[in-house]
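**Q** Enclosed is the structure file entry.cif (mmCIF, C-alpha atoms).
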```cif
data_model
#
loop_
_atom_site.group_PDB
_atom_site.id
_atom_site.type_symbol
_atom_site.label_atom_id
_atom_site.label_comp_id
_atom_site.auth_asym_id
_atom_site.auth_seq_id
_atom_site.Cartn_x
_atom_site.Cartn_y
_atom_site.Cartn_z
ATOM 1 C CA MET A 59 -11.025 -22.838 -29.020
ATOM 2 C CA LYS A 60 -10.431 -24.111 -32.537
ATOM 3 C CA LYS A 61 -12.562 -27.036 -33.570
ATOM 4 C CA ARG A 62 -12.849 -29.230 -36.630
ATOM 5 C CA ILE A 63 -9.305 -28.571 -37.808
ATOM 6 C CA GLY A 64 -8.355 -31.325 -40.240
ATOM 7 C CA GLY A 65 -5.160 -33.289 -40.469
ATOM 8 C CA LYS A 66 -2.819 -34.945 -38.008
ATOM 9 C CA GLN A 67 -0.321 -32.953 -35.983
ATOM 10 C CA LEU A 68 2.443 -35.606 -35.910
ATOM 11 C CA ASN A 69 3.924 -33.967 -32.767
ATOM 12 C CA ARG A 70 5.244 -31.034 -34.820
ATOM 13 C CA ASP A 71 4.494 -27.361 -35.074
ATOM 14 C CA THR A 72 2.839 -26.015 -38.222
ATOM 15 C CA THR A 73 5.965 -25.139 -40.202
ATOM 16 C CA ALA A 74 7.716 -28.424 -39.418
ATOM 17 C CA ARG A 75 4.587 -30.374 -40.323
ATOM 18 C CA LYS A 76 4.207 -28.544 -43.655
ATOM 19 C CA ALA A 77 7.891 -29.144 -44.428
ATOM 20 C CA LEU A 78 7.488 -32.837 -43.608
ATOM 21 C CA LEU A 79 4.433 -33.185 -45.843
ATOM 22 C CA ARG A 80 6.204 -31.306 -48.643
ATOM 23 C CA GLY A 81 9.269 -33.536 -48.377
ATOM 24 C CA LEU A 82 7.242 -36.739 -48.372
ATOM 25 C CA THR A 83 5.218 -35.524 -51.348
ATOM 26 C CA VAL A 84 8.330 -34.624 -53.330
ATOM 27 C CA SER A 85 9.883 -38.017 -52.553
ATOM 28 C CA LEU A 86 6.755 -39.870 -53.611
ATOM 29 C CA VAL A 87 6.483 -37.983 -56.900
ATOM 30 C CA GLU A 88 10.175 -38.471 -57.691
ATOM 31 C CA LYS A 89 10.457 -42.158 -56.727
ATOM 32 C CA GLU A 90 6.780 -43.145 -57.128
ATOM 33 C CA THR A 91 7.026 -45.444 -54.106
ATOM 34 C CA ILE A 92 8.425 -44.729 -50.652
ATOM 35 C CA GLU A 93 8.544 -46.385 -47.260
ATOM 36 C CA THR A 94 7.486 -44.396 -44.192
ATOM 37 C CA THR A 95 5.554 -44.752 -40.950
ATOM 38 C CA ALA A 96 1.832 -45.417 -40.999
ATOM 39 C CA ALA A 97 1.007 -42.135 -39.241
ATOM 40 C CA LYS A 98 2.979 -40.052 -41.739
ATOM 41 C CA ALA A 99 1.451 -41.938 -44.670
ATOM 42 C CA ALA A 100 -2.054 -41.346 -43.322
ATOM 43 C CA ALA A 101 -1.257 -37.648 -42.899
ATOM 44 C CA PHE A 102 0.200 -36.947 -46.332
ATOM 45 C CA ARG A 103 -1.902 -39.286 -48.469
ATOM 46 C CA PRO A 104 -4.787 -36.761 -48.786
ATOM 47 C CA VAL A 105 -2.280 -34.062 -49.757
ATOM 48 C CA VAL A 106 -0.917 -36.165 -52.622
ATOM 49 C CA GLU A 107 -4.409 -37.147 -53.753
ATOM 50 C CA LYS A 108 -5.458 -33.477 -53.961
ATOM 51 C CA LEU A 109 -2.297 -32.520 -55.851
ATOM 52 C CA VAL A 110 -2.860 -35.248 -58.441
ATOM 53 C CA THR A 111 -6.478 -34.126 -58.845
ATOM 54 C CA VAL A 112 -5.317 -30.553 -59.476
ATOM 55 C CA ALA A 113 -2.562 -31.778 -61.822
ATOM 56 C CA LYS A 114 -5.057 -33.653 -64.012
ATOM 57 C CA THR A 115 -6.304 -30.381 -65.489
ATOM 58 C CA GLY A 116 -2.797 -29.547 -66.689
ATOM 59 C CA SER A 117 -3.490 -25.811 -66.836
ATOM 60 C CA VAL A 118 -1.072 -23.045 -65.951
ATOM 61 C CA GLN A 119 -3.133 -22.281 -62.867
ATOM 62 C CA ALA A 120 -2.846 -25.910 -61.752
ATOM 63 C CA ARG A 121 0.920 -25.807 -62.195
ATOM 64 C CA ARG A 122 1.097 -22.644 -60.097
ATOM 65 C CA GLN A 123 -1.011 -24.158 -57.328
ATOM 66 C CA ILE A 124 1.221 -27.224 -57.223
ATOM 67 C CA GLN A 125 4.352 -25.040 -57.372
ATOM 68 C CA ALA A 126 3.110 -23.056 -54.361
ATOM 69 C CA PHE A 127 3.068 -26.205 -52.260
ATOM 70 C CA VAL A 128 5.893 -28.300 -53.707
ATOM 71 C CA GLN A 129 8.359 -25.478 -54.560
ATOM 72 C CA ASP A 130 10.288 -27.631 -57.040
ATOM 73 C CA GLY A 131 9.831 -27.110 -60.777
ATOM 74 C CA ALA A 132 11.043 -30.576 -61.797
ATOM 75 C CA VAL A 133 8.541 -32.232 -59.465
ATOM 76 C CA VAL A 134 5.705 -30.069 -60.806
ATOM 77 C CA LYS A 135 6.644 -30.995 -64.361
ATOM 78 C CA LYS A 136 6.753 -34.715 -63.582
ATOM 79 C CA LEU A 137 3.482 -34.600 -61.666
ATOM 80 C CA VAL A 138 1.583 -32.768 -64.409
ATOM 81 C CA ASP A 139 3.205 -34.316 -67.489
ATOM 82 C CA VAL A 140 3.943 -37.889 -66.384
ATOM 83 C CA ILE A 141 1.879 -38.950 -63.378
ATOM 84 C CA ALA A 142 -1.426 -37.107 -63.862
ATOM 85 C CA PRO A 143 -2.093 -38.449 -67.416
ATOM 86 C CA ARG A 144 -2.087 -42.007 -66.013
ATOM 87 C CA PHE A 145 -5.132 -41.115 -63.920
ATOM 88 C CA LYS A 146 -7.187 -39.197 -66.523
ATOM 89 C CA GLN A 147 -10.051 -41.724 -66.379
ATOM 90 C CA VAL A 148 -9.847 -42.258 -62.592
ATOM 91 C CA LYS A 149 -11.721 -40.069 -60.104
ATOM 92 C CA GLY A 150 -9.706 -40.879 -56.996
ATOM 93 C CA GLY A 151 -7.644 -43.492 -55.200
ATOM 94 C CA TYR A 152 -4.350 -42.570 -56.791
ATOM 95 C CA THR A 153 -2.220 -44.053 -53.996
ATOM 96 C CA ARG A 154 -2.089 -47.347 -52.129
ATOM 97 C CA VAL A 155 -0.659 -48.068 -48.694
ATOM 98 C CA ILE A 156 0.784 -51.506 -47.965
ATOM 99 C CA ARG A 157 1.955 -52.482 -44.503
ATOM 100 C CA VAL A 158 5.498 -53.871 -44.525
ATOM 101 C CA GLY A 159 6.209 -54.536 -40.861
ATOM 102 C CA SER A 160 7.658 -52.625 -37.962
ATOM 103 C CA ARG A 161 10.824 -50.589 -37.628
ATOM 104 C CA ARG A 162 13.580 -52.251 -35.674
ATOM 105 C CA GLY A 163 14.609 -49.299 -33.527
ATOM 106 C CA ASP A 164 11.295 -48.090 -32.102
ATOM 107 C CA ASP A 165 8.803 -50.698 -33.355
ATOM 108 C CA ALA A 166 6.891 -48.114 -35.414
ATOM 109 C CA VAL A 167 4.503 -49.520 -38.019
ATOM 110 C CA MET A 168 6.106 -49.095 -41.436
ATOM 111 C CA VAL A 169 4.176 -48.900 -44.697
ATOM 112 C CA ARG A 170 5.005 -48.612 -48.380
ATOM 113 C CA ILE A 171 2.984 -45.937 -50.174
ATOM 114 C CA SER A 172 2.963 -45.823 -53.953
ATOM 115 C CA PHE A 173 0.848 -44.735 -56.885
ATOM 116 C CA THR A 174 -1.683 -47.329 -58.012
ATOM 117 C CA LYS A 175 -0.538 -47.021 -61.620
ATOM 118 C CA LEU A 176 3.234 -47.146 -61.654
ATOM 119 C CA ALA A 177 5.426 -46.245 -64.598
ATOM 120 C CA GLU A 178 5.494 -48.951 -67.212
ATOM 121 C CA PRO A 179 8.910 -50.495 -67.754
ATOM 122 C CA ALA A 180 10.774 -49.385 -70.832
ATOM 123 C CA PRO A 181 10.235 -51.702 -73.811
ATOM 124 C CA ALA A 182 13.018 -54.162 -74.421
ATOM 125 C CA LYS A 183 15.314 -52.908 -77.122
ATOM 126 C CA GLU A 184 15.802 -55.188 -80.029
ATOM 127 C CA MET A 185 19.233 -56.625 -80.239
ATOM 128 C CA ALA A 186 21.295 -54.904 -82.864
ATOM 129 C CA LYS A 187 22.331 -57.133 -85.691
ATOM 130 C CA VAL A 188 25.946 -58.094 -85.543
ATOM 131 C CA ALA A 189 27.629 -56.683 -88.612
ATOM 132 C CA THR A 190 29.324 -59.316 -90.679
ATOM 133 C CA PRO A 191 32.882 -58.457 -91.570
ATOM 134 C CA THR A 192 33.353 -57.247 -95.102
ATOM 135 C CA GLU A 193 36.186 -58.185 -97.392
ATOM 136 C CA LYS A 194 38.044 -54.943 -96.702
ATOM 137 C CA THR A 195 38.160 -55.520 -92.973
ATOM 138 C CA GLU A 196 39.203 -59.136 -93.377
ATOM 139 C CA LYS A 197 42.197 -58.223 -95.544
ATOM 140 C CA THR A 198 43.548 -55.521 -93.276
ATOM 141 C CA ALA A 199 45.656 -56.571 -90.341
ATOM 142 C CA PRO A 200 44.113 -55.999 -86.940
ATOM 143 C CA ILE A 201 45.477 -53.057 -85.004
ATOM 144 C CA GLU A 202 47.342 -54.145 -81.922
ATOM 145 C CA LYS A 203 46.734 -52.169 -78.814
ATOM 146 C CA THR A 204 49.617 -51.777 -76.459
ATOM 147 C CA ALA A 205 49.252 -50.898 -72.832
ATOM 148 C CA PRO A 206 50.722 -47.539 -71.854
ATOM 149 C CA LYS A 207 53.987 -47.737 -69.988
ATOM 150 C CA ALA A 208 53.756 -47.086 -66.310
ATOM 151 C CA VAL A 209 55.720 -44.089 -65.146
ATOM 152 C CA ALA A 210 57.664 -44.771 -61.991
ATOM 153 C CA THR A 211 57.014 -42.185 -59.308
ATOM 154 C CA PRO A 212 59.664 -41.619 -56.688
ATOM 155 C CA LYS A 213 58.629 -42.749 -53.245
ATOM 156 C CA VAL A 214 58.666 -40.027 -50.673
ATOM 157 C CA ALA A 215 59.429 -41.088 -47.147
ATOM 158 C CA LYS A 216 56.801 -40.018 -44.668
ATOM 159 C CA PRO A 217 58.109 -38.160 -41.629
ATOM 160 C CA LYS A 218 57.910 -40.225 -38.497
ATOM 161 C CA VAL A 219 55.718 -38.909 -35.765
ATOM 162 C CA VAL A 220 57.391 -39.133 -32.394
ATOM 163 C CA LYS A 221 55.172 -38.997 -29.361
ATOM 164 C CA LYS A 222 56.496 -37.317 -26.282
ATOM 165 C CA ALA A 223 56.512 -39.466 -23.208
ATOM 166 C CA THR A 224 54.411 -37.994 -20.467
ATOM 167 C CA LYS A 225 55.265 -38.198 -16.829
ATOM 168 C CA PRO A 226 53.014 -40.334 -14.718
ATOM 169 C CA THR A 227 50.770 -38.248 -12.503
ATOM 170 C CA ILE A 228 49.664 -40.979 -10.168
ATOM 171 C CA GLY A 229 51.485 -41.060 -6.843
ATOM 172 C CA ILE A 230 53.319 -37.757 -7.266
ATOM 173 C CA ARG A 231 52.877 -35.116 -4.636
ATOM 174 C CA ARG A 232 52.624 -31.433 -5.336
ATOM 175 C CA GLY A 233 55.920 -29.778 -5.984
ATOM 176 C CA GLU A 234 57.773 -33.027 -6.840
ATOM 177 C CA ARG A 235 57.299 -32.781 -10.557
#
```
Show me the file's structure as structure tokens.
**A**
Amino acid sequence: MKKRIGGKQLNRDTTARKALLRGLTVSLVEKETIETTAAKAAAFRPVVEKLVTVAKTGSVQARRQIQAFVQDGAVVKKLVDVIAPRFKQVKGGYTRVIRVGSRRGDDAVMVRISFTKLAEPAPAKEMAKVATPTEKTEKTAPIEKTAPKAVATPKVAKPKVVKKATKPTIGIRRGER
């Protein structure tokens, strides 16, 4: 009898459970916030926390350990190069779970799980100065754009589909067809 085995089973066998955890982890790293059930979030939150802790070292060995679980190079790169540096000074608690209600179909408790430090929005770009027209452009006549002429395509008549009338089968005896 096996005892003290960690983690939730989620009514799945081992391979399906690992695939589910991998998929949720990949989605969270790519989108940085996802919505899922409370049971799934509770099951895969420790997995994500451990991966971020490993990614904080940034070594080749850490990348290989993450690659062994995630199996997606782009996700490994984002986790090590983008997400992990945000948490350099933090020792844990990289994710937060917020309850958002219940699912309509089966009334399952839904939660939103996201990283505590999300990506900062891109800085607003300064508006480019509108170039004032120079004397050369003012003297030249503006170029008129003409719309291309439409080419008429011949209309092809579609063949009519004729349905065959079927004989009624109700009220007919055998042999009278």
**Q** Considering only C-alpha atoms, can you say which of A:Arg103, A:Arg80, A:Arg144, A:Arg154 comes closest to Ala126 of chain A?
**A**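 Using only C-alpha atoms, Ala126 of chain A sits closest to A:Arg80.
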**Q** Just to confirm, what's the straight-line distance from atom CA of Gly65 of chain A to atom CA of Thr94 of chain A in Å (one decimal)?
**A**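 Computing the Euclidean distance for atom CA of Gly65 of chain A and atom CA of Thr94 of chain A yields 17.2 Å.
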**Q** Once the PyMOL selection byres ((chain A and resi 100) around 10) is applied to the coordinates I shared, what remains selected? I want it as a list in words.
**A**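 Taken on the displayed file, the PyMOL selection byres ((chain A and resi 100) around 10) yields the residues Gly65, Lys66, Thr95, Ala96, Ala97, Lys98, Ala99, Ala101, Phe102, Arg103, Pro104, Val105, Val155, Val169 and Ile171 of chain A.
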**Q** Give me the result of the PyMOL selection byres ((chain A and resi 139) around 12) on this file, residue by residue, as a count of residues only.
**A** 24
**Q** Measure the distance from atom CA of Leu79 of chain A to atom CA of Val128 of chain A in Å and round it to one decimal.
**A**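 These two atoms are separated by 9.4 Å.
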**Q** So how far away is atom CA of Gln129 of chain A from atom CA of Lys108 of chain A, in Å?
**A**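 Distance between the two atoms: 16.0 Å.
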**Q** Need the axis-aligned box for segment 67-70 of chain A with 5 Å each side, so what are the centre and edges in Å to one decimal, as JSON?
**A**
```
{"center_x": 2.5, "center_y": -33.3, "center_z": -34.4, "size_x": 15.6, "size_y": 14.6, "size_z": 13.2}
```
**Q** Please identify all polymer residues within 8 Å of Gly150 of chain A, counting all atoms listed in the file, omitting same-chain residues fewer than 2 positions from it, and present them as a list in words.
**A**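 Final neighbour list, sorted by chain and number: Glu107, Thr111, Val148 and Tyr152 of chain A.
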**Q** Could you write out the selected residues, including C-alpha atoms, as an mmCIF file, in the frame of the given file?
**A**
```
data_model
loop_
_atom_site.group_PDB
_atom_site.id
_atom_site.type_symbol
_atom_site.label_atom_id
_atom_site.label_comp_id
_atom_site.auth_asym_id
_atom_site.auth_seq_id
_atom_site.Cartn_x
_atom_site.Cartn_y
_atom_site.Cartn_z
ATOM 1 C CA GLU A 107 -4.409 -37.147 -53.753
ATOM 2 C CA THR A 111 -6.478 -34.126 -58.845
ATOM 3 C CA VAL A 148 -9.847 -42.258 -62.592
ATOM 4 C CA TYR A 152 -4.350 -42.570 -56.791
#
```
